[in-house]
file target.cif (mmCIF, C-alpha atoms)
data_final
#
loop_
_atom_site.label_atom_id
_atom_site.label_comp_id
_atom_site.auth_asym_id
_atom_site.auth_seq_id
_atom_site.Cartn_x
_atom_site.Cartn_y
_atom_site.Cartn_z
CA MET A 1 8.54 76.89 7.17
CA SER A 2 5.36 78.92 7.57
CA SER A 3 3.34 78.80 10.78
CA SER A 4 0.35 77.26 8.94
CA ALA A 5 2.53 74.46 7.51
CA ALA A 6 4.02 73.76 10.94
CA ALA A 7 0.59 73.54 12.47
CA SER A 8 -0.55 71.16 9.74
CA ALA A 9 2.46 68.90 10.27
CA GLY A 10 1.91 68.55 14.00
CA SER A 11 -1.86 68.44 14.05
CA PRO A 12 -3.57 65.15 14.90
CA THR A 13 -6.75 66.21 13.11
CA ALA A 14 -8.00 64.59 9.91
CA PRO A 15 -6.80 66.10 6.63
CA SER A 16 -8.95 68.60 4.83
CA PRO A 17 -11.11 67.55 1.86
CA SER A 18 -8.54 69.02 -0.51
CA ALA A 19 -5.96 66.56 0.85
CA ALA A 20 -8.19 63.52 0.41
CA SER A 21 -6.84 60.38 -1.19
CA PRO A 22 -6.66 60.60 -4.98
CA SER A 23 -8.39 57.21 -5.15
CA ALA A 24 -11.62 58.87 -4.04
CA ALA A 25 -13.17 59.89 -7.34
CA PRO A 26 -15.24 63.07 -7.49
CA GLY A 27 -18.86 62.38 -6.82
CA ALA A 28 -18.18 59.02 -5.16
CA SER A 29 -20.38 58.16 -2.20
CA ALA A 30 -18.90 58.37 1.26
CA PRO A 31 -17.63 55.08 2.69
CA THR A 32 -20.07 53.26 4.96
CA PRO A 33 -19.89 49.89 6.76
CA GLY A 34 -21.74 48.31 3.82
CA ASN A 35 -19.96 50.36 1.16
CA PRO A 36 -16.21 50.47 1.90
CA ALA A 37 -14.08 53.05 0.19
CA PRO A 38 -12.13 51.86 -2.86
CA GLY A 39 -8.91 50.23 -1.77
CA ASP A 40 -10.35 49.30 1.63
CA GLU A 41 -11.95 46.00 0.55
CA LYS A 42 -10.68 43.01 2.54
CA ASP A 43 -8.89 40.37 0.48
CA ASP A 44 -10.78 37.06 0.82
CA ARG A 45 -7.45 35.32 1.36
CA LEU A 46 -6.95 37.35 4.51
CA VAL A 47 -10.34 36.65 6.04
CA SER A 48 -9.99 35.11 9.49
CA VAL A 49 -10.89 31.42 9.66
CA GLY A 50 -12.65 30.35 12.83
CA ARG A 51 -11.73 27.30 14.84
CA VAL A 52 -14.71 25.26 13.62
CA ARG A 53 -14.05 26.09 9.99
CA ARG A 54 -10.35 25.38 10.41
CA LEU A 55 -11.25 22.01 11.94
CA LEU A 56 -13.56 21.20 9.04
CA MET A 57 -10.74 22.00 6.61
CA THR A 58 -8.57 19.20 8.00
CA PRO A 59 -8.44 16.04 5.83
CA GLU A 60 -9.27 13.79 8.80
CA VAL A 61 -12.84 15.06 9.12
CA GLY A 62 -14.34 13.15 6.20
CA ALA A 63 -12.66 9.91 7.25
CA GLY A 64 -13.62 10.42 10.89
CA GLY A 65 -17.25 11.03 10.00
CA ALA A 66 -17.31 7.91 7.84
CA ALA A 67 -15.72 5.83 10.61
CA ILE A 68 -18.33 6.99 13.13
CA LEU A 69 -21.18 6.16 10.74
CA VAL A 70 -19.76 2.72 9.98
CA PHE A 71 -19.30 1.95 13.68
CA ILE A 72 -22.79 3.10 14.60
CA GLY A 73 -24.35 1.22 11.69
CA PHE A 74 -22.74 -2.11 12.54
CA THR A 75 -23.44 -1.65 16.26
CA LEU A 76 -27.15 -0.98 15.70
CA ILE A 77 -27.47 -4.15 13.64
CA SER A 78 -25.23 -6.31 15.84
CA PRO A 79 -24.48 -4.95 19.35
CA VAL A 80 -21.66 -7.48 19.79
CA PHE A 81 -19.69 -5.38 17.31
CA ALA A 82 -19.14 -2.75 20.05
CA SER A 83 -18.14 -5.29 22.71
CA GLN A 84 -14.52 -5.69 23.80
CA ALA A 85 -14.16 -8.83 21.74
CA GLY A 86 -15.78 -7.17 18.74
CA ILE A 87 -13.51 -4.13 18.96
CA ALA A 88 -10.43 -6.32 19.29
CA ASN A 89 -11.67 -8.28 16.29
CA PHE A 90 -11.68 -5.30 13.91
CA LEU A 91 -8.63 -3.58 15.40
CA ASP A 92 -6.49 -6.63 14.54
CA PRO A 93 -6.59 -6.24 10.72
CA ALA A 94 -6.85 -2.46 11.06
CA ALA A 95 -3.50 -2.32 12.88
CA THR A 96 -1.41 -4.00 10.19
CA MET A 97 -3.32 -2.13 7.50
CA GLY A 98 -2.76 1.12 9.39
CA ILE A 99 1.00 0.61 9.68
CA MET A 100 1.25 0.38 5.91
CA ALA A 101 -1.30 3.16 5.34
CA ILE A 102 0.87 5.59 7.31
CA ALA A 103 3.90 5.02 5.08
CA VAL A 104 1.80 4.97 1.90
CA ALA A 105 0.15 8.25 2.92
CA LEU A 106 3.53 9.92 3.37
CA LEU A 107 4.60 8.66 -0.05
CA MET A 108 1.37 9.85 -1.70
CA ILE A 109 1.68 13.27 -0.08
CA GLY A 110 5.14 13.34 -1.66
CA GLY A 111 3.49 12.74 -5.04
CA GLU A 112 4.40 9.07 -5.60
CA PHE A 113 2.86 5.58 -5.52
CA ASP A 114 4.28 2.19 -4.55
CA LEU A 115 2.47 -0.83 -5.95
CA SER A 116 5.10 -3.24 -4.64
CA THR A 117 4.20 -2.79 -0.97
CA GLY A 118 1.68 -5.63 -0.78
CA VAL A 119 3.94 -8.29 -2.27
CA LEU A 120 6.89 -6.90 -0.29
CA THR A 121 5.13 -7.69 2.99
CA GLY A 122 5.10 -11.33 1.90
CA SER A 123 8.67 -11.17 0.56
CA THR A 124 10.09 -9.93 3.84
CA ALA A 125 8.26 -12.62 5.79
CA LEU A 126 9.67 -15.24 3.41
CA VAL A 127 13.21 -13.88 3.67
CA THR A 128 13.02 -14.09 7.46
CA ALA A 129 11.54 -17.59 7.42
CA LEU A 130 13.98 -18.93 4.81
CA ALA A 131 17.02 -17.40 6.50
CA VAL A 132 16.01 -18.98 9.81
CA THR A 133 14.98 -22.43 8.58
CA GLU A 134 17.37 -22.94 5.66
CA LEU A 135 20.48 -21.27 7.13
CA ASN A 136 19.79 -22.21 10.76
CA MET A 137 19.99 -18.53 11.61
CA ASN A 138 18.88 -16.82 14.81
CA VAL A 139 15.43 -15.29 14.34
CA TRP A 140 16.72 -11.79 15.12
CA LEU A 141 19.46 -12.11 12.51
CA GLY A 142 16.90 -13.35 10.02
CA MET A 143 14.74 -10.29 10.70
CA LEU A 144 17.73 -7.96 10.25
CA LEU A 145 18.59 -9.64 6.96
CA SER A 146 14.99 -9.21 5.86
CA LEU A 147 15.04 -5.52 6.86
CA GLY A 148 18.16 -4.98 4.78
CA PHE A 149 16.47 -6.66 1.84
CA ALA A 150 13.41 -4.41 2.18
CA LEU A 151 15.47 -1.23 2.39
CA VAL A 152 17.40 -2.20 -0.75
CA VAL A 153 14.13 -2.75 -2.62
CA GLY A 154 12.83 0.62 -1.44
CA ALA A 155 16.07 2.36 -2.44
CA ILE A 156 15.96 0.77 -5.91
CA ASN A 157 12.39 1.97 -6.39
CA GLY A 158 13.22 5.51 -5.29
CA VAL A 159 16.43 5.85 -7.29
CA MET A 160 14.80 4.47 -10.45
CA VAL A 161 11.86 6.84 -10.17
CA HIS A 162 14.13 9.80 -9.55
CA LEU A 163 16.74 9.12 -12.23
CA THR A 164 14.54 7.79 -15.03
CA LYS A 165 11.66 10.25 -14.45
CA LEU A 166 9.30 7.34 -15.12
CA PRO A 167 5.98 7.34 -13.26
CA SER A 168 6.32 5.57 -9.93
CA PHE A 169 3.24 3.58 -10.88
CA ILE A 170 5.20 1.87 -13.69
CA VAL A 171 8.44 1.38 -11.75
CA THR A 172 6.81 -0.16 -8.70
CA LEU A 173 4.42 -2.24 -10.81
CA GLY A 174 7.49 -3.82 -12.38
CA MET A 175 9.03 -4.36 -8.95
CA MET A 176 5.81 -5.97 -7.75
CA PHE A 177 6.02 -8.64 -10.46
CA VAL A 178 9.75 -9.16 -9.87
CA LEU A 179 9.11 -9.86 -6.18
CA TRP A 180 6.05 -11.95 -6.91
CA GLY A 181 8.03 -14.22 -9.20
CA LEU A 182 10.97 -14.45 -6.81
CA ASN A 183 8.69 -15.39 -3.94
CA TYR A 184 7.45 -18.43 -5.82
CA ALA A 185 10.68 -19.41 -7.56
CA VAL A 186 13.06 -19.17 -4.60
CA THR A 187 10.69 -20.70 -2.05
CA GLN A 188 9.79 -23.67 -4.21
CA ARG A 189 13.41 -24.24 -5.24
CA LEU A 190 14.63 -24.28 -1.63
CA THR A 191 11.74 -26.03 0.11
CA GLY A 192 9.66 -27.66 -2.62
CA GLN A 193 6.59 -26.01 -1.07
CA VAL A 194 4.80 -22.65 -1.10
CA THR A 195 4.84 -22.29 2.68
CA VAL A 196 7.85 -22.01 4.99
CA SER A 197 7.06 -23.17 8.52
CA GLY A 198 8.92 -24.13 11.69
CA VAL A 199 10.19 -20.65 12.65
CA ARG A 200 9.04 -21.19 16.23
CA GLU A 201 11.67 -23.90 16.74
CA TYR A 202 14.71 -21.65 16.29
CA ALA A 203 16.76 -19.53 18.69
CA GLY A 204 15.53 -16.02 19.34
CA TYR A 205 11.92 -16.74 18.56
CA ASP A 206 10.60 -16.28 22.09
CA SER A 207 12.09 -12.81 22.54
CA ALA A 208 11.02 -11.81 19.03
CA HIS A 209 7.51 -13.06 19.75
CA ALA A 210 7.30 -10.84 22.83
CA LEU A 211 7.90 -7.75 20.68
CA PHE A 212 6.16 -8.70 17.44
CA GLY A 213 3.69 -11.51 18.12
CA SER A 214 2.34 -11.22 21.65
CA ALA A 215 -1.02 -9.97 22.87
CA VAL A 216 -2.32 -7.94 25.77
CA GLY A 217 -5.66 -9.45 26.65
CA PRO A 218 -7.69 -9.61 23.45
CA PHE A 219 -5.51 -6.99 21.69
CA GLN A 220 -2.51 -7.87 19.54
CA ILE A 221 0.86 -6.10 19.96
CA SER A 222 0.45 -4.81 16.40
CA LEU A 223 -2.07 -2.32 17.82
CA VAL A 224 0.69 -0.72 19.91
CA TRP A 225 2.98 -0.50 16.87
CA TRP A 226 0.17 1.13 14.90
CA LEU A 227 -0.63 3.77 17.52
CA VAL A 228 3.02 4.65 18.12
CA LEU A 229 3.81 4.93 14.41
CA THR A 230 0.70 7.04 13.80
CA ALA A 231 1.89 9.52 16.43
CA VAL A 232 5.45 9.50 15.07
CA GLY A 233 4.27 9.93 11.49
CA ALA A 234 1.97 12.82 12.41
CA VAL A 235 4.75 14.64 14.26
CA ILE A 236 7.19 14.16 11.37
CA LEU A 237 4.66 15.39 8.82
CA LEU A 238 3.35 18.40 10.73
CA LYS A 239 6.18 19.44 13.04
CA SER A 240 9.45 18.77 11.22
CA ARG A 241 11.49 19.99 8.28
CA TRP A 242 11.02 16.63 6.62
CA GLY A 243 7.26 17.14 6.71
CA ASN A 244 7.61 20.49 4.95
CA TRP A 245 9.86 18.87 2.36
CA ILE A 246 7.33 16.08 1.74
CA PHE A 247 4.49 18.53 1.15
CA ALA A 248 6.72 20.66 -1.08
CA LEU A 249 7.83 17.63 -3.11
CA GLY A 250 4.26 16.54 -3.70
CA GLY A 251 3.09 20.04 -4.55
CA ASN A 252 5.76 20.85 -7.15
CA SER A 253 9.07 19.02 -7.22
CA ASP A 254 10.76 21.60 -9.46
CA ALA A 255 9.75 24.46 -7.18
CA ALA A 256 10.82 22.41 -4.16
CA ARG A 257 14.26 21.87 -5.69
CA ALA A 258 14.53 25.59 -6.45
CA VAL A 259 14.07 26.50 -2.80
CA GLY A 260 16.64 24.00 -1.56
CA VAL A 261 14.63 20.84 -0.84
CA PRO A 262 16.87 17.75 -1.30
CA VAL A 263 14.42 16.17 -3.72
CA MET A 264 16.30 12.93 -4.37
CA ARG A 265 16.96 12.28 -0.68
CA VAL A 266 13.33 12.89 0.25
CA ARG A 267 11.94 10.79 -2.59
CA VAL A 268 14.24 7.83 -1.98
CA GLY A 269 13.65 8.15 1.76
CA LEU A 270 9.89 7.91 1.26
CA PHE A 271 10.21 4.73 -0.80
CA MET A 272 12.52 3.25 1.83
CA THR A 273 9.94 4.17 4.48
CA THR A 274 7.20 2.21 2.72
CA ALA A 275 9.63 -0.71 2.36
CA ALA A 276 10.46 -0.58 6.08
CA ALA A 277 6.74 -0.55 6.91
CA ALA A 278 6.26 -3.58 4.66
CA TRP A 279 9.07 -5.31 6.56
CA LEU A 280 7.37 -4.56 9.88
CA VAL A 281 4.03 -5.95 8.68
CA GLY A 282 5.78 -9.03 7.27
CA THR A 283 7.65 -9.50 10.54
CA LEU A 284 4.48 -9.16 12.61
CA THR A 285 2.91 -11.84 10.44
CA VAL A 286 5.73 -14.39 10.37
CA ILE A 287 6.48 -14.08 14.09
CA ARG A 288 2.84 -14.27 15.11
CA TYR A 289 2.01 -17.36 13.03
CA GLY A 290 5.46 -18.94 12.81
CA ASN A 291 5.31 -19.39 9.04
CA ALA A 292 5.27 -17.50 5.74
CA THR A 293 3.58 -18.23 2.42
CA VAL A 294 4.24 -17.06 -1.13
CA THR A 295 0.69 -15.73 -1.57
CA SER A 296 0.86 -13.40 1.45
CA GLY A 297 0.30 -9.71 0.70
CA ILE A 298 -0.73 -10.08 -2.94
CA GLY A 299 -3.30 -7.39 -3.81
CA LEU A 300 -3.04 -5.55 -0.49
CA GLU A 301 -1.29 -2.56 -2.10
CA PHE A 302 -4.64 -1.31 -3.37
CA TYR A 303 -6.11 -1.50 0.14
CA PHE A 304 -3.22 0.59 1.44
CA ILE A 305 -3.90 3.24 -1.18
CA ILE A 306 -7.63 3.15 -0.44
CA ALA A 307 -6.98 3.75 3.26
CA ALA A 308 -4.74 6.72 2.44
CA VAL A 309 -7.27 8.22 0.02
CA ILE A 310 -10.11 7.80 2.54
CA GLY A 311 -7.89 9.70 4.96
CA GLY A 312 -7.63 12.71 2.66
CA CYS A 313 -4.58 12.01 0.48
CA LEU A 314 -4.85 13.37 -3.03
CA LEU A 315 -3.79 11.26 -5.99
CA THR A 316 -1.96 14.32 -7.31
CA GLY A 317 0.16 14.68 -4.14
CA GLY A 318 0.83 17.64 -1.90
CA ALA A 319 -2.03 17.00 0.54
CA GLY A 320 -3.04 14.34 3.02
CA SER A 321 -2.84 13.18 6.59
CA VAL A 322 -1.20 10.36 8.52
CA ILE A 323 -4.00 10.36 11.07
CA GLY A 324 -6.56 10.31 8.28
CA ALA A 325 -4.85 7.31 6.69
CA SER A 326 -5.00 5.50 10.02
CA ILE A 327 -8.72 6.25 10.24
CA GLY A 328 -9.07 4.85 6.72
CA ALA A 329 -7.40 1.64 7.92
CA LEU A 330 -9.82 1.56 10.86
CA ILE A 331 -12.74 1.74 8.44
CA PHE A 332 -11.21 -1.15 6.51
CA GLY A 333 -11.02 -3.27 9.65
CA MET A 334 -14.55 -2.43 10.72
CA VAL A 335 -16.03 -3.27 7.32
CA GLN A 336 -14.05 -6.49 7.00
CA GLN A 337 -15.00 -7.83 10.42
CA GLY A 338 -18.44 -6.27 10.69
CA MET A 339 -19.94 -7.79 7.56
CA PRO A 340 -20.14 -11.38 8.88
CA LEU A 341 -21.67 -10.12 12.12
CA VAL A 342 -24.56 -8.45 10.30
CA GLY A 343 -25.08 -11.36 7.92
CA LEU A 344 -23.60 -9.83 4.78
CA PRO A 345 -21.79 -12.29 2.48
CA SER A 346 -18.03 -11.91 2.53
CA GLU A 347 -18.07 -11.85 -1.29
CA PHE A 348 -19.45 -8.31 -1.07
CA PHE A 349 -16.51 -7.04 1.00
CA ARG A 350 -14.79 -5.31 -1.91
CA THR A 351 -18.09 -3.85 -3.07
CA ILE A 352 -18.79 -2.37 0.34
CA LEU A 353 -15.21 -1.12 0.64
CA GLY A 354 -15.49 0.61 -2.72
CA LEU A 355 -18.75 2.28 -1.69
CA VAL A 356 -17.19 3.41 1.58
CA LEU A 357 -14.23 4.82 -0.36
CA LEU A 358 -16.49 6.80 -2.69
CA ALA A 359 -18.69 8.02 0.17
CA ALA A 360 -15.72 9.11 2.29
CA VAL A 361 -14.10 10.95 -0.60
CA LEU A 362 -17.35 12.73 -1.49
CA VAL A 363 -18.03 13.68 2.13
CA ASN A 364 -14.48 14.90 2.55
CA LEU A 365 -14.76 16.99 -0.63
CA TRP A 366 -18.14 18.45 0.41
CA ILE A 367 -16.92 19.39 3.89
CA LYS A 368 -13.80 20.97 2.49
CA LYS A 369 -15.78 23.07 0.02
CA ARG A 370 -18.14 24.19 2.76
CA ALA A 371 -15.26 25.07 5.03
CA MET A 372 -13.46 27.04 2.31
CA LYS A 373 -16.48 29.23 1.57
CA VAL A 374 -15.94 32.78 2.78
CA THR A 375 -18.84 35.12 3.42
CA SER A 376 -18.73 38.19 1.24
#

call {"tool": "encode", "arguments": {"input": "target.cif", "output": "structure tokens"}}
result
Amino acid sequence: MSSSAAASAGSPTAPSPSAASPSAAPGASAPTPGNPAPGDEKDDRLVSVGRVRRLLMTPEVGAGGAAILVFIGFTLISPVFASQAGIANFLDPAATMGIMAIAVALLMIGGEFDLSTGVLTGSTALVTALAVTELNMNVWLGMLLSLGFALVVGAINGVMVHLTKLPSFIVTLGMMFVLWGLNYAVTQRLTGQVTVSGVREYAGYDSAHALFGSAVGPFQISLVWWLVLTAVGAVILLKSRWGNWIFALGGNSDAARAVGVPVMRVRVGLFMTTAAAAWLVGTLTVIRYGNATVTSGIGLEFYFIIAAVIGGCLLTGGAGSVIGASIGALIFGMVQQGMPLVGLPSEFFRTILGLVLLAAVLVNLWIKKRAMKVTS
């Protein structure tokens, strides 16, 4: 090795012009802060995202903003809305709606729908009430029997969707009508009525009431269930392997299977989760009021989906938030209970809810687009 080559190899100085990168074309201008050299441009995908922008990119922001606006609007018109009694009033329906919205959000993130959830809440309440009153069963045993029934329904939905490749919309729509018919037929055949009452008179009711039907001051125990399940659902979705699997399943089930995601187990598990949530809502209802009716839960499945969509869930799957879905349920409760306070006819409830849904989705979409913009 020559002395000049050795010196070049050990020298910390910049290379000579003759050794410049071949990507620098002859005659090209020297790189400046505003004119980076070719090959030095920063990929937009690698641009750092600040904390504020990252916060705005979360699906909860649109729903949270809508909830704040709804609360402020009702409070300005009727200050009693923000009182303790007023808050307890709208948190009551929001809690049961939120419990279902959490499970429905997880299912939608996984790319599926369940239209049987509303009727299933009524079915589980009826199974509990009929088992207790017709079979003279302990209330706790009746609830366990009802839970088993719900899980079987959820498993059937999941297995059918997975094996037949039919849209979950069709499969669960069929299940909804099956349950709807059974609710009427079985209840009327056994009792001759459409309502099953008298649950309070049987063994185990008092202890069950403490867990599923009691209240702390003006707040129902369902609020505690809602908050706990929201936290649990958020941790599962964001901090666990199952959460990664759910997002992967909703994004692309074939790709998820290719990388080792147990697609069938996750899909069936999600349907069983919505069924278990329906059982909990049905149990909260039958234990609180001591009776069950065949019309309970009919049509609520669309409200559950609305709450999940307000919270940032996409109809195409692969995106969404448990916390956002709970905020969507909160909006539902505020609108439902706030309208009478401000003098709006209850007949307009669905109209207002639809407008809130559209507004929340548009706000969420606008914020997300703004957050995703990267300065050039």

call {"tool": "resolve_selection", "arguments": {"input": "target.cif", "expression": "the PyMOL selection byres ((chain A and resi 292-300) around 7)", "output": "ChimeraX atom specification"}}
result
/A:118-119,121-122,125-126,129,183-184,194-197,286,291,301-304

call {"tool": "axis_aligned_box", "arguments": {"input": "target.cif", "around": "region 323-340 of chain A", "padding_each_side": "4 Å", "output": "lines of an AutoDock Vina configuration file"}}
result
center_x = -12.1
center_y = -0.5
center_z = 8.8
size_x = 24.1
size_y = 29.7
size_z = 12.6

call {"tool": "closest_residue", "arguments": {"input": "target.cif", "among": "A:Leu173, A:Ala155, A:Val235, A:Met272", "to": "Ala103 (chain A)", "atoms": "all atoms listed in the file"}}
result
A:Met272

call {"tool": "closest_residue", "arguments": {"input": "target.cif", "among": "A:Gly181, A:Gly192, A:Gly204, A:Gly243", "to": "Met143 (chain A)", "atoms": "only C-alpha atoms"}}
result
A:Gly204

call {"tool": "atom_distance", "arguments": {"input": "target.cif", "atom1": "CA of Gly148 (chain A)", "atom2": "CA of Thr164 (chain A)"}}
result
23.8 Å

call {"tool": "atom_distance", "arguments": {"input": "target.cif", "atom1": "CA of Ala277 (chain A)", "atom2": "CA of Met100 (chain A)"}}
result
5.7 Å

call {"tool": "residues_around", "arguments": {"input": "target.cif", "residues": "Ile236 (chain A)", "least_positions_apart": "5", "cutoff": "12 Å", "atoms": "all atoms listed in the file", "output": "PDB file with C-alpha atoms, in the coordinates of the input"}}
result
ATOM      1  CA  ILE A 102       0.870   5.590   7.310  1.00  0.00           C
ATOM      2  CA  ALA A 103       3.900   5.020   5.080  1.00  0.00           C
ATOM      3  CA  LEU A 106       3.530   9.920   3.370  1.00  0.00           C
ATOM      4  CA  LEU A 229       3.810   4.930  14.410  1.00  0.00           C
ATOM      5  CA  THR A 230       0.700   7.040  13.800  1.00  0.00           C
ATOM      6  CA  ALA A 231       1.890   9.520  16.430  1.00  0.00           C
ATOM      7  CA  ARG A 241      11.490  19.990   8.280  1.00  0.00           C
ATOM      8  CA  TRP A 242      11.020  16.630   6.620  1.00  0.00           C
ATOM      9  CA  GLY A 243       7.260  17.140   6.710  1.00  0.00           C
ATOM     10  CA  ASN A 244       7.610  20.490   4.950  1.00  0.00           C
ATOM     11  CA  TRP A 245       9.860  18.870   2.360  1.00  0.00           C
ATOM     12  CA  ILE A 246       7.330  16.080   1.740  1.00  0.00           C
ATOM     13  CA  PHE A 247       4.490  18.530   1.150  1.00  0.00           C
ATOM     14  CA  SER A 321      -2.840  13.180   6.590  1.00  0.00           C
ATOM     15  CA  VAL A 322      -1.200  10.360   8.520  1.00  0.00           C
ATOM     16  CA  ILE A 323      -4.000  10.360  11.070  1.00  0.00           C
TER      17      ILE A 323
END

call {"tool": "residues_near_point", "arguments": {"input": "target.cif", "point": "(13.8, 2.6, -9.2)", "cutoff": "12 Å", "atoms": "only C-alpha atoms", "output": "JSON list (two decimals) with C-alpha atoms, in the coordinates of the input"}}
result
[["chain", "number", "residue", "atom", "x", "y", "z"],
["A", 112, "GLU", "CA", 4.40, 9.07, -5.60],
["A", 113, "PHE", "CA", 2.86, 5.58, -5.52],
["A", 114, "ASP", "CA", 4.28, 2.19, -4.55],
["A", 116, "SER", "CA", 5.10, -3.24, -4.64],
["A", 152, "VAL", "CA", 17.40, -2.20, -0.75],
["A", 153, "VAL", "CA", 14.13, -2.75, -2.62],
["A", 154, "GLY", "CA", 12.83, 0.62, -1.44],
["A", 155, "ALA", "CA", 16.07, 2.36, -2.44],
["A", 156, "ILE", "CA", 15.96, 0.77, -5.91],
["A", 157, "ASN", "CA", 12.39, 1.97, -6.39],
["A", 158, "GLY", "CA", 13.22, 5.51, -5.29],
["A", 159, "VAL", "CA", 16.43, 5.85, -7.29],
["A", 160, "MET", "CA", 14.80, 4.47, -10.45],
["A", 161, "VAL", "CA", 11.86, 6.84, -10.17],
["A", 162, "HIS", "CA", 14.13, 9.80, -9.55],
["A", 163, "LEU", "CA", 16.74, 9.12, -12.23],
["A", 164, "THR", "CA", 14.54, 7.79, -15.03],
["A", 165, "LYS", "CA", 11.66, 10.25, -14.45],
["A", 166, "LEU", "CA", 9.30, 7.34, -15.12],
["A", 167, "PRO", "CA", 5.98, 7.34, -13.26],
["A", 168, "SER", "CA", 6.32, 5.57, -9.93],
["A", 169, "PHE", "CA", 3.24, 3.58, -10.88],
["A", 170, "ILE", "CA", 5.20, 1.87, -13.69],
["A", 171, "VAL", "CA", 8.44, 1.38, -11.75],
["A", 172, "THR", "CA", 6.81, -0.16, -8.70],
["A", 173, "LEU", "CA", 4.42, -2.24, -10.81],
["A", 174, "GLY", "CA", 7.49, -3.82, -12.38],
["A", 175, "MET", "CA", 9.03, -4.36, -8.95],
["A", 176, "MET", "CA", 5.81, -5.97, -7.75],
["A", 264, "MET", "CA", 16.30, 12.93, -4.37],
["A", 267, "ARG", "CA", 11.94, 10.79, -2.59],
["A", 268, "VAL", "CA", 14.24, 7.83, -1.98],
["A", 271, "PHE", "CA", 10.21, 4.73, -0.80],
["A", 272, "MET", "CA", 12.52, 3.25, 1.83]]

call {"tool": "resolve_selection", "arguments": {"input": "target.cif", "expression": "the PyMOL selection byres ((chain A and resi 250) around 9)", "output": "list in words"}}
result
Leu107, Met108, Ile109, Gly110, Gly111, Glu112, Trp245, Ile246, Phe247, Ala248, Leu249, Gly251, Asn252, Ser253, Ala256, Thr316, Gly317, Gly318 and Ala319 of chain A

call {"tool": "write_last_selection", "arguments": {"input": "target.cif", "atoms": "C-alpha atoms", "output": "short mmCIF file (atom, residue, chain, number, x, y, z; two decimals), in the frame of the given file"}}
result
data_model
loop_
_atom_site.label_atom_id
_atom_site.label_comp_id
_atom_site.auth_asym_id
_atom_site.auth_seq_id
_atom_site.Cartn_x
_atom_site.Cartn_y
_atom_site.Cartn_z
CA LEU A 107 4.60 8.66 -0.05
CA MET A 108 1.37 9.85 -1.70
CA ILE A 109 1.68 13.27 -0.08
CA GLY A 110 5.14 13.34 -1.66
CA GLY A 111 3.49 12.74 -5.04
CA GLU A 112 4.40 9.07 -5.60
CA TRP A 245 9.86 18.87 2.36
CA ILE A 246 7.33 16.08 1.74
CA PHE A 247 4.49 18.53 1.15
CA ALA A 248 6.72 20.66 -1.08
CA LEU A 249 7.83 17.63 -3.11
CA GLY A 251 3.09 20.04 -4.55
CA ASN A 252 5.76 20.85 -7.15
CA SER A 253 9.07 19.02 -7.22
CA ALA A 256 10.82 22.41 -4.16
CA THR A 316 -1.96 14.32 -7.31
CA GLY A 317 0.16 14.68 -4.14
CA GLY A 318 0.83 17.64 -1.90
CA ALA A 319 -2.03 17.00 0.54
#

call {"tool": "closest_residue", "arguments": {"input": "target.cif", "among": "A:Ala359, A:Val309, A:Leu341, A:Leu151", "to": "Gly269 (chain A)", "atoms": "only C-alpha atoms"}}
result
A:Leu151

call {"tool": "resolve_selection", "arguments": {"input": "target.cif", "expression": "the PyMOL selection byres ((chain A and resi 356) around 10)", "output": "list in words"}}
result
Ala63, Ala66, Ala67, Val70, Ile306, Ile310, Gly328, Ile331, Phe332, Val335, Arg350, Thr351, Ile352, Leu353, Gly354, Leu355, Leu357, Leu358, Ala359, Ala360, Val361 and Leu362 of chain A

call {"tool": "closest_residue", "arguments": {"input": "target.cif", "among": "A:Ala308, A:Leu211, A:Leu115, A:Val266", "to": "Phe177 (chain A)", "atoms": "all atoms listed in the file"}}
result
A:Leu115

call {"tool": "residues_around", "arguments": {"input": "target.cif", "residues": "Gln84 (chain A)", "least_positions_apart": "5", "cutoff": "12 Å", "atoms": "only C-alpha atoms", "output": "MDAnalysis selection string"}}
result
chainID A and resid 79 89:91 217:219
